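Chemist: Got a file for you: my_file.txt, compact mmCIF, C-alpha atoms.
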# COMPACT_ATOMS: atom_id res chain seq x y z
CA MET A 11 111.63 35.85 107.96
CA LYS A 12 111.79 32.98 110.43
CA THR A 13 109.62 32.87 113.49
CA PRO A 14 110.34 30.75 116.57
CA ILE A 15 107.50 28.58 117.82
CA GLN A 16 107.21 26.03 120.58
CA PHE A 17 104.58 23.36 120.97
CA ILE A 18 104.12 19.88 122.38
CA LEU A 19 104.44 17.10 119.83
CA ASN A 20 103.26 13.68 120.95
CA GLY A 21 103.86 14.62 124.57
CA GLU A 22 107.29 16.19 124.14
CA GLU A 23 108.16 19.85 123.94
CA VAL A 24 109.65 20.90 120.62
CA ALA A 25 110.88 24.21 119.30
CA ALA A 26 111.39 25.22 115.70
CA PHE A 27 112.08 28.19 113.50
CA VAL A 28 109.50 28.40 110.77
CA GLU A 29 109.18 30.57 107.72
CA SER A 30 106.46 33.10 108.33
CA GLY A 31 103.24 31.84 106.75
CA SER A 32 104.30 28.18 106.82
CA ASN A 33 101.69 25.53 107.21
CA LEU A 34 101.84 23.02 110.03
CA LEU A 35 102.35 20.07 107.71
CA ASP A 36 105.57 21.43 106.24
CA THR A 37 106.70 22.55 109.68
CA LEU A 38 106.24 19.09 111.16
CA ARG A 39 107.98 17.35 108.28
CA GLU A 40 110.76 19.79 107.43
CA SER A 41 111.48 21.71 110.62
CA VAL A 42 110.71 19.07 113.24
CA GLY A 43 111.38 15.91 111.26
CA ASP A 44 108.13 14.11 111.93
CA LEU A 45 107.69 12.29 108.62
CA SER A 46 104.67 10.33 109.83
CA VAL A 47 102.48 13.22 108.66
CA LYS A 48 101.78 12.93 104.95
CA GLY A 49 100.88 15.62 102.48
CA GLY A 50 98.27 14.96 99.82
CA CYS A 51 96.55 17.96 98.29
CA TRP A 52 97.82 20.98 100.25
CA GLN A 53 94.27 22.32 99.83
CA GLY A 54 92.57 20.97 102.94
CA THR A 55 90.57 18.60 100.80
CA CYS A 56 91.95 15.07 101.09
CA GLY A 57 92.52 14.76 104.84
CA THR A 58 95.68 12.68 104.66
CA CYS A 59 97.60 15.32 106.67
CA THR A 60 95.12 15.21 109.56
CA VAL A 61 96.69 15.68 112.99
CA LEU A 62 95.14 16.37 116.37
CA ILE A 63 95.59 19.83 117.83
CA ASP A 64 94.55 19.99 121.47
CA GLY A 65 92.61 16.80 120.83
CA VAL A 66 90.60 17.85 117.80
CA PRO A 67 91.32 16.87 114.20
CA ARG A 68 92.75 19.52 111.90
CA VAL A 69 94.08 19.39 108.36
CA SER A 70 97.66 20.44 108.94
CA CYS A 71 98.26 21.60 105.35
CA VAL A 72 95.94 24.59 105.80
CA THR A 73 96.82 25.24 109.43
CA LEU A 74 99.07 28.24 109.95
CA ALA A 75 102.00 26.93 112.00
CA GLU A 76 102.24 30.10 114.04
CA THR A 77 98.74 29.53 115.41
CA CYS A 78 99.93 26.28 117.00
CA ALA A 79 102.34 27.88 119.47
CA GLY A 80 101.81 26.39 122.92
CA LYS A 81 99.41 23.74 121.69
CA SER A 82 99.53 19.97 121.92
CA ILE A 83 99.87 18.19 118.60
CA GLU A 84 99.43 14.47 118.03
CA THR A 85 100.56 12.60 114.93
CA THR A 86 100.70 8.94 114.00
CA ALA A 87 104.33 8.89 115.20
CA GLY A 88 102.95 9.18 118.72
CA LEU A 89 100.36 6.44 118.47
CA ARG A 90 102.38 3.42 119.55
CA ARG A 91 103.42 2.99 123.14
CA GLY A 92 106.84 1.36 123.29
CA PRO A 93 106.69 -1.96 121.47
CA ASP A 94 102.90 -2.00 121.34
CA LEU A 95 100.91 -0.71 118.43
CA HIS A 96 97.86 1.40 119.10
CA PRO A 97 94.66 -0.70 118.81
CA LEU A 98 93.77 1.29 115.72
CA GLN A 99 97.08 0.40 114.09
CA THR A 100 96.58 -3.26 114.94
CA ALA A 101 93.05 -3.23 113.58
CA PHE A 102 94.14 -1.51 110.37
CA MET A 103 96.82 -4.15 109.91
CA GLU A 104 94.48 -7.06 110.59
CA ARG A 105 91.74 -5.69 108.35
CA PHE A 106 94.21 -4.80 105.58
CA ALA A 107 92.78 -1.30 105.88
CA ALA A 108 96.00 0.43 104.91
CA GLN A 109 95.91 -0.81 101.31
CA CYS A 110 98.16 1.63 99.39
CA GLY A 111 98.83 3.51 102.62
CA TYR A 112 98.44 7.00 101.28
CA CYS A 113 95.46 8.00 103.39
CA THR A 114 96.37 5.90 106.42
CA PRO A 115 98.00 8.56 108.65
CA GLY A 116 95.01 10.85 108.25
CA MET A 117 92.52 8.01 108.67
CA LEU A 118 94.24 6.89 111.87
CA MET A 119 94.21 10.37 113.39
CA ALA A 120 90.62 11.06 112.35
CA ALA A 121 89.65 7.72 113.91
CA LYS A 122 91.65 8.46 117.07
CA ALA A 123 89.85 11.79 117.45
CA LEU A 124 86.57 9.90 117.27
CA LEU A 125 87.51 7.15 119.72
CA ASP A 126 89.01 9.61 122.21
CA ARG A 127 85.68 11.42 122.27
CA ASN A 128 83.36 8.48 121.75
CA PRO A 129 84.81 5.05 122.69
CA ASN A 130 81.68 3.25 121.57
CA PRO A 131 80.86 4.65 118.12
CA THR A 132 78.24 3.42 115.72
CA ARG A 133 79.05 2.73 112.10
CA ALA A 134 77.45 6.07 111.21
CA ASP A 135 79.73 7.82 113.71
CA VAL A 136 82.75 6.24 112.04
CA VAL A 137 81.56 7.20 108.56
CA ASP A 138 81.10 10.79 109.72
CA ALA A 139 84.48 10.86 111.45
CA ILE A 140 86.37 9.87 108.29
CA CYS A 141 84.13 11.66 105.79
CA GLY A 142 86.79 14.31 105.23
CA ASN A 143 89.45 11.73 104.42
CA ILE A 144 89.75 10.45 100.90
CA CYS A 145 90.89 6.87 100.28
CA ARG A 146 92.35 6.69 96.79
CA CYS A 147 91.86 2.93 96.75
CA THR A 148 88.16 3.57 97.52
CA GLY A 149 88.56 0.96 100.22
CA TYR A 150 86.42 2.54 102.88
CA GLU A 151 84.79 -0.66 104.09
CA PRO A 152 87.91 -2.24 105.65
CA ILE A 153 88.77 1.11 107.20
CA ILE A 154 85.34 1.43 108.80
CA GLU A 155 85.53 -2.17 110.01
CA ALA A 156 88.99 -1.58 111.45
CA VAL A 157 87.84 1.45 113.43
CA LEU A 158 84.87 -0.50 114.76
CA ASP A 159 87.18 -3.40 115.65
CA ALA A 160 89.48 -1.06 117.54
CA ALA A 161 86.55 0.45 119.38
CA HIS A 162 84.59 -2.64 120.24
CA GLY A 163 87.16 -5.38 120.25
CA ASP A 164 87.67 -7.84 117.47
CA ALA A 165 85.65 -10.80 118.75
CA ARG A 166 82.73 -8.73 119.94
CA HIS A 167 82.42 -6.84 116.69
CA ARG A 168 82.66 -9.90 114.48
CA ALA A 169 80.15 -11.74 116.62
CA MET B 11 107.70 34.15 98.28
CA THR B 12 107.91 35.55 101.77
CA ILE B 13 104.66 35.91 103.65
CA THR B 14 104.31 38.38 106.49
CA VAL B 15 101.98 37.42 109.31
CA LYS B 16 100.65 40.22 111.49
CA SER B 17 98.68 39.39 114.59
CA PHE B 18 96.63 41.88 116.59
CA PRO B 19 94.77 41.54 119.88
CA ARG B 20 92.01 43.90 118.77
CA LEU B 21 89.92 43.63 115.64
CA ALA B 22 90.08 47.38 114.95
CA GLU B 23 93.88 47.19 114.76
CA ALA B 24 93.67 44.26 112.38
CA ALA B 25 91.19 46.17 110.23
CA ASN B 26 93.56 49.11 110.03
CA ALA B 27 96.42 46.83 109.00
CA LEU B 28 94.24 45.18 106.38
CA SER B 29 93.23 48.46 104.79
CA SER B 30 96.82 49.73 104.66
CA GLU B 31 98.14 46.96 102.37
CA ARG B 32 96.80 45.83 99.02
CA ALA B 33 98.00 42.24 99.18
CA ALA B 34 96.87 41.70 102.76
CA HIS B 35 94.24 39.14 103.59
CA PHE B 36 92.40 38.50 106.82
CA PHE B 37 92.95 35.07 108.31
CA GLY B 38 89.86 33.36 109.69
CA GLY B 39 90.36 29.62 110.04
CA GLY B 40 92.88 29.28 107.23
CA THR B 41 90.98 26.97 104.90
CA LEU B 42 90.92 29.59 102.13
CA ILE B 43 94.00 31.72 102.81
CA MET B 44 96.42 28.88 103.52
CA ARG B 45 95.33 27.16 100.34
CA ALA B 46 96.28 30.32 98.44
CA VAL B 47 99.59 30.53 100.33
CA ASN B 48 100.37 26.90 99.51
CA GLU B 49 99.73 27.66 95.84
CA ALA B 50 102.10 30.68 96.05
CA ASP B 51 99.30 33.04 95.09
CA PRO B 52 101.08 36.38 94.53
CA ASN B 53 97.98 38.22 95.73
CA VAL B 54 98.62 36.97 99.25
CA GLN B 55 101.69 38.64 100.69
CA THR B 56 100.47 39.57 104.14
CA ILE B 57 98.24 37.61 106.46
CA VAL B 58 96.43 39.67 109.08
CA ARG B 59 94.89 37.91 112.02
CA SER B 60 93.29 38.89 115.29
CA THR B 61 92.86 37.13 118.61
CA ASP B 62 89.98 39.42 119.59
CA PRO B 63 87.50 37.35 121.64
CA LEU B 64 84.69 39.18 119.87
CA LEU B 65 85.35 36.97 116.87
CA LEU B 66 84.43 33.86 118.85
CA HIS B 67 81.25 35.27 120.37
CA ILE B 68 78.02 33.30 120.06
CA GLY B 69 74.99 35.25 121.25
CA VAL B 70 71.72 33.41 121.43
CA SER B 71 68.51 34.99 122.61
CA SER B 72 64.87 34.30 121.92
CA GLY B 73 64.78 36.83 119.13
CA ARG B 74 68.29 37.25 117.74
CA ILE B 75 71.39 35.23 116.95
CA ASP B 76 74.89 36.79 116.83
CA LEU B 77 77.78 34.79 115.45
CA GLY B 78 81.32 36.11 115.62
CA ALA B 79 83.13 35.79 112.32
CA GLY B 80 85.67 33.42 113.87
CA VAL B 81 83.05 30.98 115.13
CA THR B 82 83.78 27.61 113.58
CA MET B 83 81.37 25.09 112.14
CA ALA B 84 82.37 22.78 115.01
CA ALA B 85 81.40 25.45 117.54
CA ILE B 86 78.01 25.81 115.88
CA LEU B 87 77.52 22.05 116.04
CA ALA B 88 78.33 22.17 119.75
CA GLU B 89 75.67 24.79 120.44
CA ARG B 90 72.29 23.18 121.06
CA GLU B 91 70.43 26.46 120.62
CA LEU B 92 71.66 26.58 117.03
CA SER B 93 70.28 23.16 116.11
CA PHE B 94 68.46 24.59 113.10
CA LEU B 95 71.90 25.43 111.67
CA HIS B 96 73.47 22.04 112.41
CA PRO B 97 72.62 20.49 109.04
CA VAL B 98 74.28 23.46 107.36
CA ALA B 99 77.41 23.37 109.52
CA ARG B 100 77.69 19.60 109.08
CA ALA B 101 77.62 20.08 105.31
CA VAL B 102 80.88 22.04 105.45
CA GLY B 103 83.78 19.61 105.02
CA GLY B 104 84.69 16.76 107.32
CA PRO B 105 85.34 17.06 111.08
CA ALA B 106 88.89 18.39 110.61
CA VAL B 107 87.74 21.16 108.29
CA ARG B 108 84.78 22.02 110.52
CA GLU B 109 87.21 22.70 113.37
CA ALA B 110 88.84 25.41 111.25
CA ALA B 111 86.21 26.70 108.84
CA THR B 112 84.62 29.88 110.13
CA VAL B 113 81.38 31.76 109.63
CA GLY B 114 83.28 34.77 108.33
CA GLY B 115 85.46 32.74 106.00
CA ASN B 116 82.44 31.07 104.41
CA LEU B 117 81.24 34.48 103.23
CA PHE B 118 84.31 34.60 100.97
CA ALA B 119 84.15 31.03 99.68
CA HIS B 120 83.71 30.81 95.94
CA SER B 121 81.16 28.57 94.29
CA PRO B 122 80.64 25.61 94.64
CA TYR B 123 81.63 26.28 98.27
CA GLY B 124 79.87 28.76 100.57
CA ASP B 125 76.75 26.81 101.56
CA PHE B 126 76.75 28.40 105.03
CA ALA B 127 76.71 31.87 103.48
CA ALA B 128 73.70 30.84 101.40
CA ALA B 129 71.93 29.76 104.58
CA LEU B 130 72.70 33.12 106.17
CA LEU B 131 71.26 34.80 103.10
CA ALA B 132 68.02 32.90 103.55
CA LEU B 133 68.03 33.96 107.20
CA ASP B 134 68.28 37.62 106.13
CA ALA B 135 71.54 38.09 108.04
CA THR B 136 73.38 41.35 108.44
CA VAL B 137 77.15 41.64 108.50
CA ALA B 138 79.01 43.79 111.03
CA LEU B 139 82.18 45.16 109.45
CA ALA B 140 85.16 46.64 111.26
CA GLY B 141 87.36 49.09 109.40
CA GLY B 142 88.98 52.48 109.52
CA PHE B 143 85.44 53.90 109.73
CA GLY B 144 84.74 52.04 112.98
CA GLN B 145 82.04 49.39 112.85
CA ARG B 146 79.01 49.33 110.60
CA GLU B 147 76.35 46.86 109.57
CA GLN B 148 75.07 46.02 106.14
CA PRO B 149 72.74 43.36 104.73
CA LEU B 150 74.55 40.20 103.73
CA GLU B 151 73.17 40.44 100.20
CA GLU B 152 74.80 43.85 99.78
CA PHE B 153 78.02 42.65 101.38
CA LEU B 154 78.28 39.68 99.02
CA SER B 155 78.00 41.92 95.98
CA HIS B 156 81.17 43.77 97.13
CA ARG B 157 82.96 41.01 98.96
CA GLU B 158 86.08 41.04 96.81
CA ARG B 159 86.98 44.48 98.19
CA ARG B 160 88.73 43.46 101.37
CA GLN B 161 88.97 46.88 102.95
CA ALA B 162 87.12 45.83 106.07
CA VAL B 163 87.07 42.85 108.39
CA VAL B 164 83.91 40.88 108.99
CA ALA B 165 83.39 41.01 112.74
CA MET B 166 80.05 39.30 113.14
CA VAL B 167 76.86 38.19 111.44
CA ALA B 168 73.44 38.56 113.01
CA PHE B 169 69.93 37.48 112.16
CA LYS B 170 66.52 36.95 113.69
CA ARG B 171 65.99 33.49 115.08
CA PRO B 172 63.72 31.70 112.59
CA LEU B 173 60.35 30.47 113.73
CA PRO B 174 60.36 26.81 114.77
CA ASP B 175 60.43 24.48 111.76
CA SER B 176 60.47 27.39 109.31
CA PHE B 177 64.11 26.98 108.24
CA ARG B 178 65.09 24.16 105.90
CA PHE B 179 68.34 23.18 104.24
CA SER B 180 69.31 20.70 101.59
CA LYS B 181 72.66 20.02 99.99
CA VAL B 182 72.96 17.91 96.86
CA THR B 183 76.27 16.12 96.39
CA ARG B 184 77.59 13.23 94.37
CA VAL B 185 79.66 11.86 97.26
CA HIS B 186 78.06 10.94 100.57
CA PRO B 187 78.09 11.79 103.38
CA LYS B 188 80.42 14.62 102.47
CA GLY B 189 80.96 16.08 99.07
CA ILE B 190 81.21 19.37 97.26
CA SER B 191 77.88 20.92 96.35
CA VAL B 192 76.14 20.23 93.12
CA LEU B 193 73.87 22.79 94.70
CA SER B 194 72.43 23.69 98.08
CA ILE B 195 69.10 25.23 98.98
CA SER B 196 68.32 27.14 102.15
CA ALA B 197 64.75 28.23 102.73
CA GLN B 198 63.01 30.16 105.44
CA VAL B 199 59.31 29.63 104.89
CA PRO B 200 57.22 31.08 107.71
CA SER B 201 53.51 30.52 107.39
CA ALA B 202 50.35 31.98 108.85
CA SER B 203 47.05 30.10 108.71
CA GLY B 204 48.66 27.55 106.42
CA ARG B 205 49.87 30.17 103.91
CA VAL B 206 53.46 31.13 103.28
CA THR B 207 54.32 34.66 104.23
CA GLY B 208 57.67 36.31 103.66
CA ALA B 209 59.63 33.33 102.30
CA ARG B 210 63.35 33.71 101.71
CA ILE B 211 65.14 31.14 99.60
CA ALA B 212 68.85 31.13 98.75
CA TYR B 213 70.97 28.84 96.64
CA GLY B 214 74.58 27.78 96.90
CA ALA B 215 76.52 26.79 93.76
CA MET B 216 73.86 28.22 91.47
CA ALA B 217 75.83 31.44 90.78
CA PRO B 218 79.36 32.69 91.46
CA MET B 219 78.16 33.58 94.96
CA PRO B 220 75.14 32.67 97.06
CA VAL B 221 72.04 34.02 95.39
CA ARG B 222 68.42 34.52 96.40
CA ALA B 223 65.59 32.90 94.49
CA LYS B 224 63.48 36.02 94.39
CA ALA B 225 61.08 34.83 91.71
CA ALA B 226 60.37 31.65 93.64
CA GLU B 227 59.94 33.65 96.85
CA ARG B 228 57.33 35.87 95.19
CA ALA B 229 55.54 32.89 93.72
CA LEU B 230 55.26 31.28 97.14
CA GLU B 231 53.72 34.27 98.84
CA GLY B 232 50.28 33.46 100.18
CA ARG B 233 50.38 29.91 98.86
CA ALA B 234 50.00 26.69 100.78
CA LEU B 235 53.02 24.40 101.16
CA ASP B 236 51.50 21.60 99.13
CA ALA B 237 52.08 20.30 95.63
CA ALA B 238 49.64 22.70 93.99
CA GLY B 239 50.73 25.66 96.10
CA ILE B 240 54.41 25.40 95.31
CA ALA B 241 54.03 24.63 91.59
CA PRO B 242 54.37 28.28 90.47
CA ALA B 243 57.54 28.63 92.55
CA LEU B 244 59.05 25.51 91.01
CA ALA B 245 58.34 26.87 87.54
CA VAL B 246 60.55 29.89 88.23
CA ALA B 247 63.03 28.17 90.56
CA ALA B 248 66.02 28.74 88.29
CA ASP B 249 65.23 32.38 87.47
CA GLY B 250 68.17 34.64 88.25
CA THR B 251 70.68 31.80 88.57
CA SER B 252 73.90 31.45 86.59
CA PRO B 253 75.48 28.16 87.62
CA ALA B 254 78.89 27.06 86.41
CA ASP B 255 80.05 24.07 84.45
CA ASP B 256 82.62 22.45 86.69
CA ALA B 257 83.98 19.06 87.66
CA ILE B 258 81.02 18.47 89.97
CA ALA B 259 78.18 19.15 87.55
CA SER B 260 77.25 21.02 84.40
CA ALA B 261 75.24 24.21 84.55
CA TRP B 262 72.50 22.46 82.58
CA TRP B 263 72.28 19.64 85.13
CA ARG B 264 72.20 22.05 88.04
CA ARG B 265 69.27 23.93 86.49
CA GLU B 266 67.47 20.67 85.69
CA ILE B 267 67.61 19.23 89.17
CA LEU B 268 67.05 22.47 91.08
CA PRO B 269 63.22 22.36 90.97
CA VAL B 270 63.27 18.69 91.95
CA HIS B 271 65.23 19.38 95.11
CA LEU B 272 63.36 22.59 95.88
CA ARG B 273 60.15 20.59 95.69
CA ARG B 274 61.50 17.97 98.07
CA LEU B 275 62.71 20.62 100.48
CA LEU B 276 59.46 22.56 100.52
CA LEU B 277 57.23 19.51 100.84
CA GLY B 278 59.45 17.57 103.20
CA ALA B 279 61.92 14.74 102.79
CA ALA B 280 59.24 12.17 102.05
CA ALA B 281 57.97 14.01 98.97
When written as structure tokens, how does the structure in this file appear?
Modeler:
Amino acid sequence: MKTPIQFILNGEEVAAFVESGSNLLDTLRESVGDLSVKGGCWQGTCGTCTVLIDGVPRVSCVTLAETCAGKSIETTAGLRRGPDLHPLQTAFMERFAAQCGYCTPGMLMAAKALLDRNPNPTRADVVDAICGNICRCTGYEPIIEAVLDAAHGDARHRA
Amino acid sequence: MTITVKSFPRLAEAANALSSERAAHFFGGGTLIMRAVNEADPNVQTIVRSTDPLLLHIGVSSGRIDLGAGVTMAAILAERELSFLHPVARAVGGPAVREAATVGGNLFAHSPYGDFAAALLALDATVALAGGFGQREQPLEEFLSHRERRQAVVAMVAFKRPLPDSFRFSKVTRVHPKGISVLSISAQVPSASGRVTGARIAYGAMAPMPVRAKAAERALEGRALDAAGIAPALAVAADGTSPADDAIASAWWRREILPVHLRRLLLGAAA
């Protein structure tokens, strides 16, 4: 049975018919066409499918799509503004923090949730913010540095 | 497989729906049920959920704490009055999981998960259940022994506020800052005139479900919280446990390190 739902995706209203019981990850990718959200474990464990729902991070693979009706959802597809990358995207690129790229969408959204709430995080804040996101390359250091760069500004942080 | 989702504004209606279908499961935050749905678990055919505001209730008074079953770990972390529970809530997943994982859901988490339920066991919590019978309360320990029978919905948990500094929590993991439990220990150790009185200790990941360390509790009674005083409790720390061999740790290793971490918890982090 398909259920109609409407929500706001990266600032724009979208409507979709979803199979009852579908998770948000599959809904975004297959019903809405937002392929910026990546699936990893489908168990809520790896964090690569992290999106923001009403500003807070959620693992979309274990989020029931029907509970998102009327909510505002942010994905990495909505990060850039026109031709400009989001500072987090720039910092990830400059720090080579993407590495294999598998965890990057989730890392970016987890980091965005942090910076939206706390623009001046400590290293410990960053570690906590991404602690639910698994990097298969085990390359956490450049990711942490990239988030700090985005928060504090490149020159200031490296000084 | 087609899943049916039924949503009800009142918890009693959801409880009725749950009891009328065998393959129906109550939806808390989704971290357990959606995982089963994603794996096409044939035992999950109907998801029952409720938007009853009772589920999100946090009641804090000087003597008693009430937590609606739908209260998330993030909501607990946002409540200053529940600071004694913050280390426990922070031990449940990363920020994205904490926004979804609920108090009620944690009662159904299988080992090595369920550290919050173990903490509630140490706090001597009761569980308020809603079902066709109306609402009734039962001790968490009793509830856990029957938890697989999902004929009722967990509405709320309640417990006495612990005395200041009497509640302690420790989670042992291989991955920091967030990892799955090798084991967790929750202890409520009130004392009078320097002697422990009425200790309650519970373990996570030391049995298929959270389990009390009753032998250690008895051994602590009337003793001082110092190295000599806790020695008898450490000697029986693993009594009554039945940990699993899993990808995180072997049962042997869990038993071996349990007294070490219980000692550290009882004596303080510096011990």
Chemist: Find the residues of stretch 99-176 of chain B that sit at most 12 Å from stretch 73-92 of chain B; for each, write down the nearest two atoms and how far apart they are in Å, to one decimal. Count only C-alpha atoms. Sort by chain, then by number going up, and give it as a tab-separated table.
Modeler:
residue	atom	partner	partner_atom	distance
B:Ala99	CA	B:Met83	CA	5.1
B:Arg100	CA	B:Met83	CA	7.3
B:Ala101	CA	B:Met83	CA	9.3
B:Val102	CA	B:Met83	CA	7.4
B:Gly103	CA	B:Met83	CA	9.3
B:Gly104	CA	B:Ala84	CA	10.0
B:Pro105	CA	B:Ala84	CA	7.5
B:Ala106	CA	B:Ala84	CA	9.0
B:Val107	CA	B:Met83	CA	8.4
B:Arg108	CA	B:Met83	CA	4.9
B:Glu109	CA	B:Ala84	CA	5.1
B:Ala110	CA	B:Thr82	CA	6.0
B:Ala111	CA	B:Thr82	CA	5.4
B:Thr112	CA	B:Thr82	CA	4.2
B:Val113	CA	B:Ala79	CA	5.2
B:Gly114	CA	B:Ala79	CA	4.1
B:Gly115	CA	B:Ala79	CA	7.4
B:Asn116	CA	B:Ala79	CA	9.2
B:Leu117	CA	B:Ala79	CA	9.4
B:Phe118	CA	B:Ala79	CA	11.5
B:Asp125	CA	B:Met83	CA	11.7
B:Phe126	CA	B:Met83	CA	9.1
B:Ala127	CA	B:Ala79	CA	11.6
B:Leu130	CA	B:Leu77	CA	10.7
B:Leu133	CA	B:Ile75	CA	10.4
B:Asp134	CA	B:Ile75	CA	11.5
B:Ala135	CA	B:Ile75	CA	9.4
B:Thr136	CA	B:Asp76	CA	9.7
B:Val137	CA	B:Ala79	CA	9.2
B:Ala138	CA	B:Ala79	CA	9.1
B:Leu139	CA	B:Ala79	CA	9.8
B:Ala140	CA	B:Ala79	CA	11.1
B:Val163	CA	B:Ala79	CA	9.0
B:Val164	CA	B:Ala79	CA	6.1
B:Ala165	CA	B:Ala79	CA	5.2
B:Met166	CA	B:Gly78	CA	4.2
B:Val167	CA	B:Leu77	CA	5.3
B:Ala168	CA	B:Asp76	CA	4.5
B:Phe169	CA	B:Ile75	CA	5.5
B:Lys170	CA	B:Arg74	CA	4.4
B:Arg171	CA	B:Arg74	CA	5.1
B:Pro172	CA	B:Gly73	CA	8.4
B:Leu173	CA	B:Gly73	CA	9.4
B:Pro174	CA	B:Leu92	CA	11.5
Chemist: Mind checking which residues fall within 12 Å of B:Ser30, counting all atoms listed in the file, ignoring those fewer than 5 positions away in the same chain, and posting them as a PyMOL selection string?
Modeler: chain B and resi 23-25+35+56+58+141-142+160-162
Chemist: Atom CA of A:Gln16 and atom CA of A:Arg68, how far apart in Å?
Modeler: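 Taking atom CA of A:Arg68 and atom CA of A:Gln16, their separation equals 18.1 Å.
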Chemist: Have a look at A:Val47, A:Val69, A:Leu158, A:Ala75 and name the one nearest to A:Gly31; count all atoms listed in the file.
Modeler: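 Using all atoms listed in the file, the shortest distance to A:Gly31 belongs to A:Ala75.
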Chemist: So that I can check the surroundings of A:Leu35, please list as a PDB file with C-alpha atoms, keeping the file's coordinate frame every protein, DNA and RNA residue that reaches within 12 Å of it, counting all atoms listed in the file and ignoring chain neighbours fewer than 5 positions away.
Modeler:
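Saved to part08.pdb:
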ATOM      1  CA  VAL A  28     109.500  28.400 110.770  1.00  0.00           C
ATOM      2  CA  GLU A  40     110.760  19.790 107.430  1.00  0.00           C
ATOM      3  CA  SER A  41     111.480  21.710 110.620  1.00  0.00           C
ATOM      4  CA  VAL A  42     110.710  19.070 113.240  1.00  0.00           C
ATOM      5  CA  GLY A  43     111.380  15.910 111.260  1.00  0.00           C
ATOM      6  CA  ASP A  44     108.130  14.110 111.930  1.00  0.00           C
ATOM      7  CA  LEU A  45     107.690  12.290 108.620  1.00  0.00           C
ATOM      8  CA  SER A  46     104.670  10.330 109.830  1.00  0.00           C
ATOM      9  CA  VAL A  47     102.480  13.220 108.660  1.00  0.00           C
ATOM     10  CA  LYS A  48     101.780  12.930 104.950  1.00  0.00           C
ATOM     11  CA  GLY A  49     100.880  15.620 102.480  1.00  0.00           C
ATOM     12  CA  GLY A  50      98.270  14.960  99.820  1.00  0.00           C
ATOM     13  CA  CYS A  51      96.550  17.960  98.290  1.00  0.00           C
ATOM     14  CA  TRP A  52      97.820  20.980 100.250  1.00  0.00           C
ATOM     15  CA  GLN A  53      94.270  22.320  99.830  1.00  0.00           C
ATOM     16  CA  GLY A  54      92.570  20.970 102.940  1.00  0.00           C
ATOM     17  CA  GLY A  57      92.520  14.760 104.840  1.00  0.00           C
ATOM     18  CA  THR A  58      95.680  12.680 104.660  1.00  0.00           C
ATOM     19  CA  CYS A  59      97.600  15.320 106.670  1.00  0.00           C
ATOM     20  CA  THR A  60      95.120  15.210 109.560  1.00  0.00           C
ATOM     21  CA  VAL A  61      96.690  15.680 112.990  1.00  0.00           C
ATOM     22  CA  LEU A  62      95.140  16.370 116.370  1.00  0.00           C
ATOM     23  CA  ARG A  68      92.750  19.520 111.900  1.00  0.00           C
ATOM     24  CA  VAL A  69      94.080  19.390 108.360  1.00  0.00           C
ATOM     25  CA  SER A  70      97.660  20.440 108.940  1.00  0.00           C
ATOM     26  CA  CYS A  71      98.260  21.600 105.350  1.00  0.00           C
ATOM     27  CA  VAL A  72      95.940  24.590 105.800  1.00  0.00           C
ATOM     28  CA  THR A  73      96.820  25.240 109.430  1.00  0.00           C
ATOM     29  CA  LEU A  74      99.070  28.240 109.950  1.00  0.00           C
ATOM     30  CA  ALA A  75     102.000  26.930 112.000  1.00  0.00           C
ATOM     31  CA  GLU A  76     102.240  30.100 114.040  1.00  0.00           C
ATOM     32  CA  CYS A  78      99.930  26.280 117.000  1.00  0.00           C
ATOM     33  CA  ILE A  83      99.870  18.190 118.600  1.00  0.00           C
ATOM     34  CA  THR A  85     100.560  12.600 114.930  1.00  0.00           C
ATOM     35  CA  GLY A 116      95.010  10.850 108.250  1.00  0.00           C
TER      36      GLY A 116
ATOM     37  CA  MET B  44      96.420  28.880 103.520  1.00  0.00           C
ATOM     38  CA  ASN B  48     100.370  26.900  99.510  1.00  0.00           C
TER      39      ASN B  48
END
Chemist: Hey, can you check how far atom CA of B:Met216 sits from atom CA of B:Val47?
Modeler: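 Rounded to one decimal, the two atoms are 27.3 Å apart.
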Chemist: If we count all atoms listed in the file and set the cut-off at 9 Å, which residues sit around B:Ile258, ignoring sequence neighbours fewer than 5 positions away in its own chain? Please answer as a list in words.
Modeler: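 Near B:Ile258, the qualifying residues are Pro122, Thr183, Arg184, Ile190, Ser191 and Val192 of chain B.
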Chemist: I'd like the interatomic distance between atom CA of A:Asn20 and atom CA of A:Leu89, to a tenth of an Å.
Modeler: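 Between these atoms lies a distance of 8.2 Å.
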Chemist: Taking into account all atoms listed in the file, which residue in the set A:Thr148, A:Thr86, A:Thr114, A:Thr55 is nearest to chain B?
Modeler: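 The shortest atom-to-atom distance to chain B comes from A:Thr55.
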Chemist: Can you work out which one of B:Pro52, B:Trp263, B:Phe94, B:Pro218 has the shortest atom-to-atom distance to B:His120, counting only C-alpha atoms?
Modeler: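 Closest to B:His120, using only C-alpha atoms: B:Pro218.
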Chemist: Counting all atoms listed in the file, which residues come within 12 Å of (49.4, 22.1, 99.1), with the point read in the file's coordinates, and could you list them as a list in words?
Modeler: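 Applying the cut-off with all atoms listed in the file, one gets Gly204, Arg205, Val206, Leu230, Gly232, Arg233, Ala234, Leu235, Asp236, Ala237, Ala238, Gly239, Ile240, Ala241, Pro242, Arg273, Leu276, Leu277, Gly278 and Ala281 of chain B.
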Chemist: When you count all atoms listed in the file, which of these residues is closest to A:Asp138: A:Ile154, A:Glu104, A:Leu34, A:Pro93?
Modeler: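 That would be A:Ile154, the residue with the smallest distance to A:Asp138.
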